[in-house]
file start.txt (compact mmCIF, C-alpha atoms)
# COMPACT_ATOMS: atom_id res chain seq x y z
CA MET O 1 126.47 51.21 85.00
CA ARG O 2 127.94 47.91 83.84
CA ARG O 3 128.25 49.12 80.25
CA LEU O 4 129.83 52.34 81.44
CA ILE O 5 132.43 50.44 83.48
CA ILE O 6 133.25 48.23 80.47
CA PHE O 7 133.56 51.35 78.32
CA GLU O 8 135.94 52.98 80.81
CA PHE O 9 137.92 49.73 81.12
CA ARG O 10 138.47 49.71 77.36
CA LYS O 11 139.60 53.34 77.48
CA ILE O 12 142.22 52.42 80.08
CA MET O 13 143.43 49.25 78.35
CA ILE O 14 144.69 50.84 75.15
CA PRO O 15 147.41 49.08 73.08
CA ARG O 16 150.35 50.78 74.79
CA VAL O 17 149.08 49.61 78.19
CA TRP O 18 148.80 46.02 76.94
CA ILE O 19 152.33 46.34 75.57
CA SER O 20 153.67 47.65 78.90
CA ILE O 21 152.01 44.77 80.78
CA ALA O 22 153.44 42.25 78.32
CA GLY O 23 156.85 43.89 78.69
CA GLY O 24 156.68 43.73 82.49
CA LEU O 25 155.71 40.06 82.41
CA ALA O 26 158.52 39.35 79.93
CA ILE O 27 161.06 40.99 82.27
CA ALA O 28 159.75 38.93 85.20
CA ILE O 29 159.87 35.68 83.23
CA PHE O 30 163.39 36.43 82.00
CA TYR O 31 164.48 37.18 85.58
CA PHE O 32 163.33 33.83 86.93
CA ILE O 33 164.54 31.80 83.95
CA SER O 34 167.98 33.42 84.21
CA PHE O 35 168.25 32.17 87.80
CA TYR O 36 167.30 28.59 87.01
CA PRO O 37 170.10 26.30 88.23
CA SER O 38 172.46 24.83 85.68
CA GLY O 39 174.78 21.91 86.29
CA THR O 40 175.17 21.41 90.03
CA ASN O 41 175.19 25.01 91.23
CA SER O 42 172.11 24.95 93.45
CA LEU O 43 170.49 23.09 96.33
CA LEU O 44 167.51 22.70 93.99
CA VAL O 45 169.65 20.43 91.81
CA VAL O 46 170.67 18.37 94.84
CA ASN O 47 166.99 18.07 95.76
CA LYS O 48 166.21 16.81 92.26
CA GLU O 49 169.14 14.40 92.06
CA LYS O 50 169.04 13.12 95.65
CA PRO O 51 165.54 13.68 97.04
CA GLU O 52 165.94 10.94 99.64
CA VAL O 53 169.10 12.55 101.06
CA ILE O 54 167.44 15.97 101.22
CA ALA O 55 164.38 14.42 102.88
CA ALA O 56 166.59 12.88 105.56
CA HIS O 57 168.02 16.32 106.38
CA THR O 58 164.82 18.38 106.04
CA GLY O 59 163.19 19.66 109.21
CA PRO O 60 164.54 20.77 112.59
CA ILE O 61 168.31 21.05 112.86
CA GLN O 62 169.97 17.85 114.08
CA PRO O 63 172.80 18.80 116.51
CA GLU O 64 175.11 15.98 115.45
CA LEU O 65 174.84 16.93 111.76
CA ALA O 66 175.27 20.62 112.56
CA LEU O 67 178.49 19.86 114.42
CA LYS O 68 179.71 17.58 111.64
CA TYR O 69 179.06 20.11 108.85
CA ALA O 70 180.16 23.26 110.73
CA PRO O 71 183.67 23.37 109.13
CA ARG O 72 182.00 23.82 105.73
CA LEU O 73 181.19 27.43 106.65
CA LYS O 74 184.90 28.28 106.49
CA GLU O 75 185.28 26.86 102.99
CA GLU O 76 184.69 28.59 99.68
CA TYR O 77 181.16 29.03 98.38
CA ALA O 78 180.12 25.45 97.60
CA GLU O 79 178.18 26.34 94.44
CA ASP O 80 181.39 27.75 92.91
CA SER O 81 183.70 24.97 94.08
CA VAL O 82 185.55 22.60 91.78
CA GLY O 83 185.15 18.83 91.85
CA SER O 84 183.05 15.97 90.58
CA LYS O 85 179.28 16.27 90.43
CA GLU O 86 178.91 14.04 93.46
CA GLN O 87 181.47 15.98 95.50
CA LYS O 88 179.93 19.32 94.63
CA MET O 89 176.41 18.25 95.56
CA THR O 90 177.69 16.92 98.87
CA ARG O 91 179.46 20.20 99.63
CA ILE O 92 176.38 22.24 98.71
CA LEU O 93 174.14 20.18 100.99
CA GLU O 94 176.53 20.23 103.93
CA GLN O 95 177.34 23.94 103.62
CA ARG O 96 173.68 24.91 103.39
CA TYR O 97 172.89 22.72 106.38
CA ALA O 98 175.68 24.35 108.38
CA ALA O 99 174.33 27.79 107.39
CA SER O 100 170.85 26.79 108.57
CA ALA O 101 172.34 25.59 111.87
CA TYR O 102 174.07 28.96 112.25
CA SER O 103 170.72 30.71 111.65
CA LEU O 104 169.23 28.59 114.43
CA ASP O 105 172.05 29.67 116.75
CA LEU O 106 171.30 33.32 115.95
CA PHE O 107 167.60 32.72 116.58
CA ASN O 108 168.29 31.14 119.97
CA LYS O 109 170.75 33.88 120.90
CA ASN O 110 168.14 36.49 120.03
CA LEU O 111 165.60 34.71 122.23
CA ASN O 112 168.00 34.58 125.17
CA ASP O 113 168.91 38.26 124.73
CA LEU O 114 165.23 39.23 124.71
CA ARG O 115 164.56 37.15 127.82
CA GLY O 116 167.44 38.87 129.56
CA GLN O 117 166.19 42.31 128.51
CA LYS O 118 162.68 41.49 129.70
CA ALA O 119 163.90 40.32 133.11
CA LEU O 120 166.02 43.45 133.52
CA LEU O 121 163.22 45.80 132.45
CA GLU O 122 160.71 44.12 134.76
CA ARG O 123 162.97 44.94 137.69
CA GLN O 124 163.46 48.54 136.58
CA ASP O 125 160.19 49.82 135.09
CA GLN O 126 157.26 47.50 134.50
CA GLY O 127 155.16 50.12 132.73
CA SER O 128 157.66 51.26 130.11
CA TYR O 129 157.04 51.07 126.37
CA VAL O 130 160.36 49.29 125.86
CA LEU O 131 159.21 46.47 128.15
CA LYS O 132 155.96 46.14 126.22
CA ASP O 133 157.84 46.04 122.94
CA VAL O 134 160.36 43.44 124.14
CA THR O 135 157.55 41.33 125.61
CA LYS O 136 155.58 41.45 122.37
CA ARG O 137 158.58 40.51 120.27
CA LEU O 138 159.59 37.71 122.62
CA SER O 139 156.08 36.24 122.72
CA MET O 140 155.88 36.21 118.91
CA LEU O 141 159.25 34.50 118.55
CA GLU O 142 158.43 31.91 121.21
CA GLU O 143 155.27 30.92 119.35
CA ILE O 144 156.94 30.11 116.03
CA ARG O 145 158.97 27.12 114.94
CA PRO O 146 162.74 27.67 115.15
CA PRO O 147 164.58 27.87 111.81
CA GLY O 148 165.44 24.50 110.30
CA PHE O 149 166.85 23.09 107.10
CA TYR O 150 164.53 23.40 104.11
CA VAL O 151 164.92 23.85 100.36
CA THR O 152 163.50 27.34 99.79
CA ASN O 153 165.61 28.63 96.89
CA ASP O 154 162.59 28.96 94.60
CA TRP O 155 160.67 31.01 97.17
CA GLY O 156 163.82 33.00 97.90
CA SER O 157 163.93 34.10 94.25
CA LEU O 158 160.36 35.33 94.59
CA TYR O 159 161.03 37.32 97.75
CA ARG O 160 164.16 38.89 96.23
CA PHE O 161 162.19 39.88 93.13
CA PHE O 162 159.58 41.68 95.24
CA SER O 163 161.99 43.48 97.58
CA ILE O 164 164.27 46.49 97.21
CA PRO O 165 166.37 46.53 95.05
CA GLY O 166 164.25 43.91 93.26
CA VAL O 167 162.54 44.98 90.07
CA GLY O 168 159.14 43.38 90.73
CA ASN O 169 157.64 46.12 92.87
CA ILE O 170 158.83 48.99 90.72
CA LEU O 171 157.39 47.26 87.64
CA ILE O 172 154.02 46.99 89.37
CA GLY O 173 154.07 50.65 90.38
CA LEU O 174 155.24 52.12 87.08
CA ILE O 175 152.95 50.01 84.89
CA LEU O 176 149.96 50.92 87.05
CA VAL O 177 150.58 54.67 86.95
CA PHE O 178 151.31 54.44 83.21
CA ALA O 179 147.90 52.83 82.68
CA LEU O 180 145.95 54.98 85.14
CA ALA O 181 147.49 58.43 84.66
CA PRO O 182 144.94 59.42 81.94
CA LEU O 183 142.02 58.19 84.09
CA TYR O 184 140.59 61.71 84.49
CA SER O 185 143.17 64.02 82.95
CA GLY O 186 142.71 62.25 79.61
CA GLU O 187 139.09 63.41 79.31
CA ALA O 188 140.23 66.54 77.50
CA ASN O 189 141.55 64.34 74.69
CA TYR O 190 138.11 62.72 74.31
CA ARG O 191 136.29 66.09 74.61
CA MET O 192 134.31 64.69 77.54
CA ASP O 193 134.86 67.61 79.92
CA SER O 194 131.71 69.52 79.04
CA LEU O 195 129.58 66.36 78.96
CA ILE O 196 130.65 65.28 82.43
CA LEU O 197 130.23 68.78 83.82
CA SER O 198 126.74 69.21 82.34
CA SER O 199 125.04 66.89 84.84
CA LYS O 200 125.72 66.67 88.55
CA TYR O 201 124.52 63.09 88.88
CA GLY O 202 125.90 62.05 85.52
CA ARG O 203 129.29 63.42 86.54
CA LEU O 204 129.33 61.38 89.73
CA LYS O 205 128.28 58.27 87.83
CA ILE O 206 131.10 58.64 85.31
CA VAL O 207 133.67 59.42 88.00
CA THR O 208 132.59 56.29 89.88
CA ALA O 209 132.65 54.12 86.75
CA LYS O 210 136.17 55.26 85.98
CA LEU O 211 137.29 54.41 89.49
CA LEU O 212 135.69 50.96 89.39
CA ALA O 213 137.33 50.27 86.04
CA GLY O 214 140.62 51.33 87.60
CA PHE O 215 140.12 48.87 90.47
CA ILE O 216 139.47 46.07 87.96
CA VAL O 217 142.67 46.91 86.08
CA THR O 218 144.68 47.16 89.31
CA GLY O 219 143.40 43.92 90.82
CA GLY O 220 143.70 42.02 87.57
CA PHE O 221 147.23 43.19 86.82
CA VAL O 222 148.66 42.63 90.32
CA THR O 223 147.09 39.17 90.50
CA LEU O 224 148.33 38.26 87.01
CA PHE O 225 151.83 39.55 87.77
CA TYR O 226 152.14 37.67 91.05
CA GLY O 227 150.63 34.53 89.53
CA VAL O 228 153.08 34.47 86.62
CA CYS O 229 156.03 35.10 88.95
CA VAL O 230 155.02 32.28 91.31
CA LEU O 231 154.55 29.86 88.41
CA PHE O 232 157.89 30.60 86.76
CA SER O 233 159.80 30.66 90.05
CA CYS O 234 158.31 27.62 91.79
CA LEU O 235 156.47 25.37 89.31
CA PRO O 236 159.64 23.99 87.62
CA PHE O 237 160.77 22.75 91.04
CA GLY O 238 157.44 21.36 92.21
CA PHE O 239 156.81 24.22 94.67
CA VAL O 240 159.39 22.63 96.97
CA GLY O 241 159.58 24.26 100.39
CA TRP O 242 156.09 25.78 100.26
CA ASN O 243 155.37 24.57 103.81
CA ALA O 244 158.76 25.53 105.26
CA PRO O 245 158.65 28.07 108.12
CA LEU O 246 159.03 31.63 106.92
CA ASN O 247 161.92 32.19 109.32
CA SER O 248 163.90 29.48 107.53
CA TYR O 249 164.44 32.13 104.84
CA PHE O 250 163.85 35.35 106.80
CA VAL O 251 165.66 34.55 110.06
CA GLU O 252 164.35 37.71 111.77
CA SER O 253 160.70 37.21 110.81
CA PRO O 254 158.42 37.00 113.88
CA TYR O 255 155.46 35.57 111.97
CA ASN O 256 154.30 31.97 112.34
CA LEU O 257 153.79 31.48 108.60
CA THR O 258 154.95 29.11 105.89
CA GLN O 259 156.67 30.30 102.71
CA LEU O 260 153.38 30.05 100.81
CA GLN O 261 151.40 31.88 103.49
CA GLY O 262 154.05 34.60 103.63
CA MET O 263 153.85 35.12 99.87
CA LEU O 264 150.03 35.20 99.95
CA LEU O 265 150.16 37.82 102.72
CA LYS O 266 152.69 39.87 100.77
CA TYR O 267 150.46 39.64 97.68
CA ALA O 268 147.39 40.76 99.66
CA VAL O 269 149.21 43.77 101.13
CA THR O 270 150.67 44.65 97.72
CA LEU O 271 147.19 44.48 96.19
CA LEU O 272 145.82 46.77 98.91
CA ALA O 273 148.72 49.20 98.44
CA ALA O 274 148.26 49.09 94.66
CA CYS O 275 144.62 50.12 95.15
CA GLY O 276 145.86 52.98 97.33
CA LEU O 277 148.27 53.96 94.56
CA LEU O 278 145.34 53.87 92.12
CA LEU O 279 143.37 56.30 94.30
CA LEU O 280 146.33 58.68 94.64
CA THR O 281 146.97 58.53 90.89
CA ALA O 282 143.27 59.15 90.25
CA LEU O 283 143.34 62.19 92.55
CA ILE O 284 146.38 63.60 90.76
CA SER O 285 144.70 62.85 87.42
CA ALA O 286 141.60 64.73 88.55
CA LEU O 287 143.67 67.80 89.41
CA PHE O 288 145.58 68.07 86.12
CA ARG O 289 144.43 68.34 82.52
CA SER O 290 147.69 66.93 81.22
CA SER O 291 148.11 63.15 81.35
CA LEU O 292 151.86 63.64 81.03
CA SER O 293 151.95 65.81 84.16
CA THR O 294 149.90 63.20 86.03
CA LEU O 295 152.20 60.42 84.87
CA GLY O 296 155.32 62.35 85.92
CA LEU O 297 154.02 63.15 89.40
CA ALA O 298 152.62 59.66 89.98
CA ALA O 299 155.88 58.08 88.78
CA CYS O 300 157.75 60.25 91.30
CA LEU O 301 155.54 58.80 94.05
CA VAL O 302 156.48 55.30 92.88
CA MET O 303 160.20 56.11 92.89
CA LEU O 304 160.28 57.98 96.23
CA PRO O 305 160.95 54.87 98.38
CA TYR O 306 164.18 54.32 96.43
CA PHE O 307 165.60 57.55 97.85
CA SER O 308 166.74 57.84 101.45
CA LEU O 309 165.36 61.08 102.89
CA PRO O 310 166.23 62.28 106.40
CA GLY O 311 163.90 62.78 109.33
CA VAL O 312 160.15 62.50 109.49
CA VAL O 313 159.73 62.87 105.73
CA GLY O 314 161.70 59.70 105.10
CA ASP O 315 159.66 57.84 107.72
CA TRP O 316 156.32 58.94 106.23
CA ILE O 317 157.35 57.84 102.74
CA ASP O 318 157.43 54.27 104.03
CA PHE O 319 153.68 54.48 104.64
CA LEU O 320 152.66 55.85 101.26
CA PRO O 321 151.09 53.17 99.04
CA SER O 322 154.27 53.02 96.96
CA GLY O 323 156.35 52.74 100.13
CA VAL O 324 154.24 49.83 101.34
CA ILE O 325 154.61 48.08 97.98
CA MET O 326 158.40 48.46 98.19
CA SER O 327 158.66 47.65 101.91
CA THR O 328 161.03 44.97 103.18
CA SER O 329 159.67 45.15 106.74
CA LEU O 330 156.18 43.73 106.27
CA ILE O 331 156.91 40.07 107.07
CA GLU O 332 160.69 39.96 106.80
CA LYS O 333 161.60 41.23 110.28
CA TYR O 334 160.22 42.69 113.48
CA VAL O 335 159.64 46.44 113.25
CA SER O 336 157.24 48.23 115.60
CA TYR O 337 156.12 51.78 116.39
CA ASN O 338 155.10 53.48 119.61
CA ILE O 339 151.42 54.33 119.12
CA PHE O 340 150.04 55.80 122.36
CA GLY O 341 152.42 53.64 124.37
CA ILE O 342 151.49 50.43 122.56
CA PRO O 343 153.90 48.63 120.17
CA ILE O 344 152.18 48.30 116.78
CA LEU O 345 153.83 46.24 114.05
CA HIS O 346 154.97 47.80 110.79
CA LEU O 347 152.60 45.53 108.88
CA THR O 348 149.57 46.81 110.80
CA VAL O 349 150.59 50.47 110.53
CA SER O 350 151.19 50.04 106.79
CA ILE O 351 147.74 48.55 106.19
CA VAL O 352 145.99 51.25 108.23
CA SER O 353 147.94 54.07 106.53
CA VAL O 354 147.05 52.79 103.04
CA ILE O 355 143.36 52.56 103.99
CA VAL O 356 143.36 56.08 105.48
CA ILE O 357 145.12 57.56 102.43
CA GLY O 358 142.71 55.73 100.15
CA VAL O 359 139.64 57.03 101.99
CA ILE O 360 140.94 60.62 101.93
CA ALA O 361 141.76 60.40 98.21
CA THR O 362 138.30 58.97 97.47
CA LEU O 363 136.55 61.78 99.34
CA LEU O 364 138.58 64.43 97.51
CA LEU O 365 138.17 62.91 94.04
CA PRO O 366 134.76 64.27 92.95
CA LYS O 367 135.53 67.77 94.23
CA ALA O 368 138.97 67.81 92.63
CA PHE O 369 137.59 66.75 89.25
CA GLU O 370 134.73 69.25 89.45
CA ARG O 371 137.09 72.08 90.40
CA ARG O 372 139.45 71.27 87.54
CA LEU O 373 136.63 71.19 84.99
CA LYS O 374 135.21 74.51 86.19
CA ALA O 375 138.61 76.23 86.10
call {"tool": "encode", "arguments": {"input": "start.txt", "output": "structure tokens"}}
result
Amino acid sequence: MRRLIIFEFRKIMIPRVWISIAGGLAIAIFYFISFYPSGTNSLLVVNKEKPEVIAAHTGPIQPELALKYAPRLKEEYAEDSVGSKEQKMTRILEQRYAASAYSLDLFNKNLNDLRGQKALLERQDQGSYVLKDVTKRLSMLEEIRPPGFYVTNDWGSLYRFFSIPGVGNILIGLILVFALAPLYSGEANYRMDSLILSSKYGRLKIVTAKLLAGFIVTGGFVTLFYGVCVLFSCLPFGFVGWNAPLNSYFVESPYNLTQLQGMLLKYAVTLLAACGLLLLTALISALFRSSLSTLGLAACLVMLPYFSLPGVVGDWIDFLPSGVIMSTSLIEKYVSYNIFGIPILHLTVSIVSVIVIGVIATLLLPKAFERRLKA
């Protein structure tokens, strides 16, 4: 079996697939390098030039500093302002601190609004779904650290790259379907159809080996892609802000995570969704003899989340593997669904939907391939 998996892996990783992976990595590297700060146009530069000043400001918002720097919010964007290097760095620090203080005000206002809603709903209808949802959201927000001032620009670049309309997720999806589209439909090119069909147990063994090789390619590529992106985005700046609360970048996030933990969670969910995309692509590949047809249909699945469709169809697209990969509601903000009167978070529903779709696709795979070969 091991030799068969290696053989199938080599069939997947043909030169054009290696080239597409190299191209995707090159685009990612260029993206992060192009956003490296130059001159004094970033808080990252201030952190490098004046680490002791940044350290004195880092952490929970200090009310006296927030009040002092508040007028900076009415000024022009500090990074684009004119002045000496020292003046510009001072403006950047003070404006970013004032913005963080404003985020804290929004966070506290949201908490107070939720507390008011909860009190009102408890007087009206204690068993309502809305009350359960408000209570859940309030309890999550009360358990996390309030937003503070942290240098998270490097992690912000990562999150933007892996969110719509960022290019990271679409690169992952398109490169995967490009590599995996011929997984079964390409057997006609190798004249393997009759060989696979000739033995019931041999057919199942080959189908399984192909799938396992596909999982190796998927896991390896997603891990490599995320690893390269993290290195080029954060390593030049010493991974500054890795332990900052997630809500210091995503103000609406209800999760008690650091920037690093948030990125690891996003990677894990993306990897799971990529495996779901592999299984869907494999199912499509098993149904069609043409690799080009498989590639076209699978690529459409990848692109679907970029189109806003009305009604239930649009909602269900969010829970396809490609929709989960593209999602901006996993850890970024609170989104819940009414499942039998219980509020279930978007993250949980997304994970369950990918697993269910993957199981269904796996069960249909052998039959689909057998039916196509017998046609």
call {"tool": "closest_residue", "arguments": {"input": "start.txt", "among": "O:Cys234, O:Val354, O:Ala299, O:Leu264", "to": "O:Ala181", "atoms": "only C-alpha atoms"}}
result
O:Ala299
call {"tool": "closest_residue", "arguments": {"input": "start.txt", "among": "O:Leu231, O:Ile61, O:Ala98, O:Leu364", "to": "O:Leu25", "atoms": "only C-alpha atoms"}}
result
O:Leu231
call {"tool": "atom_distance", "arguments": {"input": "start.txt", "atom1": "atom CA of O:Gln95", "atom2": "atom CA of O:Tyr150"}}
result
12.8 Å
call {"tool": "atom_distance", "arguments": {"input": "start.txt", "atom1": "atom CA of O:Leu121", "atom2": "atom CA of O:Glu143"}}
result
21.4 Å
call {"tool": "residues_around", "arguments": {"input": "start.txt", "residues": "stretch 67-76 of chain O", "least_positions_apart": "2", "cutoff": "12 Å", "atoms": "all atoms listed in the file", "output": "PDB file with C-alpha atoms, in the coordinates of the input"}}
result
ATOM      1  CA  HIS O  57     168.020  16.320 106.380  1.00  0.00           C
ATOM      2  CA  ILE O  61     168.310  21.050 112.860  1.00  0.00           C
ATOM      3  CA  GLN O  62     169.970  17.850 114.080  1.00  0.00           C
ATOM      4  CA  PRO O  63     172.800  18.800 116.510  1.00  0.00           C
ATOM      5  CA  GLU O  64     175.110  15.980 115.450  1.00  0.00           C
ATOM      6  CA  LEU O  65     174.840  16.930 111.760  1.00  0.00           C
ATOM      7  CA  ALA O  78     180.120  25.450  97.600  1.00  0.00           C
ATOM      8  CA  GLU O  79     178.180  26.340  94.440  1.00  0.00           C
ATOM      9  CA  ASP O  80     181.390  27.750  92.910  1.00  0.00           C
ATOM     10  CA  SER O  81     183.700  24.970  94.080  1.00  0.00           C
ATOM     11  CA  VAL O  82     185.550  22.600  91.780  1.00  0.00           C
ATOM     12  CA  LYS O  88     179.930  19.320  94.630  1.00  0.00           C
ATOM     13  CA  THR O  90     177.690  16.920  98.870  1.00  0.00           C
ATOM     14  CA  ARG O  91     179.460  20.200  99.630  1.00  0.00           C
ATOM     15  CA  ILE O  92     176.380  22.240  98.710  1.00  0.00           C
ATOM     16  CA  LEU O  93     174.140  20.180 100.990  1.00  0.00           C
ATOM     17  CA  GLU O  94     176.530  20.230 103.930  1.00  0.00           C
ATOM     18  CA  GLN O  95     177.340  23.940 103.620  1.00  0.00           C
ATOM     19  CA  ARG O  96     173.680  24.910 103.390  1.00  0.00           C
ATOM     20  CA  TYR O  97     172.890  22.720 106.380  1.00  0.00           C
ATOM     21  CA  ALA O  98     175.680  24.350 108.380  1.00  0.00           C
ATOM     22  CA  ALA O  99     174.330  27.790 107.390  1.00  0.00           C
ATOM     23  CA  SER O 100     170.850  26.790 108.570  1.00  0.00           C
ATOM     24  CA  ALA O 101     172.340  25.590 111.870  1.00  0.00           C
ATOM     25  CA  TYR O 102     174.070  28.960 112.250  1.00  0.00           C
ATOM     26  CA  ASP O 105     172.050  29.670 116.750  1.00  0.00           C
TER      27      ASP O 105
END
call {"tool": "residues_around", "arguments": {"input": "start.txt", "residues": "O:Asp154", "least_positions_apart": "6", "cutoff": "9 Å", "atoms": "only C-alpha atoms", "output": "list in words"}}
result
Tyr36, Leu44, Val230, Ser233, Cys234, Leu235, Phe237, Phe239, Val240 and Gly241 of chain O
call {"tool": "write_last_selection", "arguments": {"input": "start.txt", "atoms": "C-alpha atoms", "output": "short mmCIF file (atom, residue, chain, number, x, y, z; two decimals), in the coordinates of the input"}}
result
data_model
loop_
_atom_site.label_atom_id
_atom_site.label_comp_id
_atom_site.auth_asym_id
_atom_site.auth_seq_id
_atom_site.Cartn_x
_atom_site.Cartn_y
_atom_site.Cartn_z
CA TYR O 36 167.30 28.59 87.01
CA LEU O 44 167.51 22.70 93.99
CA VAL O 230 155.02 32.28 91.31
CA SER O 233 159.80 30.66 90.05
CA CYS O 234 158.31 27.62 91.79
CA LEU O 235 156.47 25.37 89.31
CA PHE O 237 160.77 22.75 91.04
CA PHE O 239 156.81 24.22 94.67
CA VAL O 240 159.39 22.63 96.97
CA GLY O 241 159.58 24.26 100.39
#
call {"tool": "residues_around", "arguments": {"input": "start.txt", "residues": "O:Ala213", "least_positions_apart": "6", "cutoff": "7 Å", "atoms": "all atoms listed in the file", "output": "list in words"}}
result
Ile5, Glu8 and Phe9 of chain O
call {"tool": "atom_distance", "arguments": {"input": "start.txt", "atom1": "atom CA of O:Tyr306", "atom2": "atom CA of O:Met326"}}
result
8.4 Å
call {"tool": "closest_residue", "arguments": {"input": "start.txt", "among": "O:Val167, O:Leu257, O:Asp133, O:Asn153", "to": "O:Val335", "atoms": "all atoms listed in the file"}}
result
O:Asp133
call {"tool": "closest_residue", "arguments": {"input": "start.txt", "among": "O:Cys229, O:Ile355, O:Lys118, O:Ser84", "to": "O:Phe162", "atoms": "all atoms listed in the file"}}
result
O:Cys229
call {"tool": "closest_residue", "arguments": {"input": "start.txt", "among": "O:Trp316, O:Trp155, O:Phe178, O:Phe161", "to": "O:Phe225", "atoms": "all atoms listed in the file"}}
result
O:Phe161
call {"tool": "closest_atom_pairs", "arguments": {"input": "start.txt", "of": "stretch 51-141 of chain O", "to": "stretch 248-255 of chain O", "cutoff": "8 Å", "atoms": "all atoms listed in the file", "output": "tab-separated table"}}
result
residue	atom	partner	partner_atom	distance
O:Ser100	CA	O:Ser248	CA	7.5
O:Ser103	CA	O:Val251	CA	6.5
O:Phe107	CA	O:Val251	CA	7.0
O:Arg137	CA	O:Pro254	CA	7.3
O:Met140	CA	O:Pro254	CA	5.7
O:Leu141	CA	O:Pro254	CA	5.4
call {"tool": "closest_residue", "arguments": {"input": "start.txt", "among": "O:Pro60, O:Pro236, O:Gly148, O:Pro321", "to": "O:Val45", "atoms": "all atoms listed in the file"}}
result
O:Pro236
call {"tool": "residues_around", "arguments": {"input": "start.txt", "residues": "O:Lys48", "least_positions_apart": "6", "cutoff": "12 Å", "atoms": "only C-alpha atoms", "output": "list in words"}}
result
Pro37, Gly39, Thr40, Ser42, Ile54, Ala55, Met89, Val151, Pro236, Phe237, Gly238 and Val240 of chain O
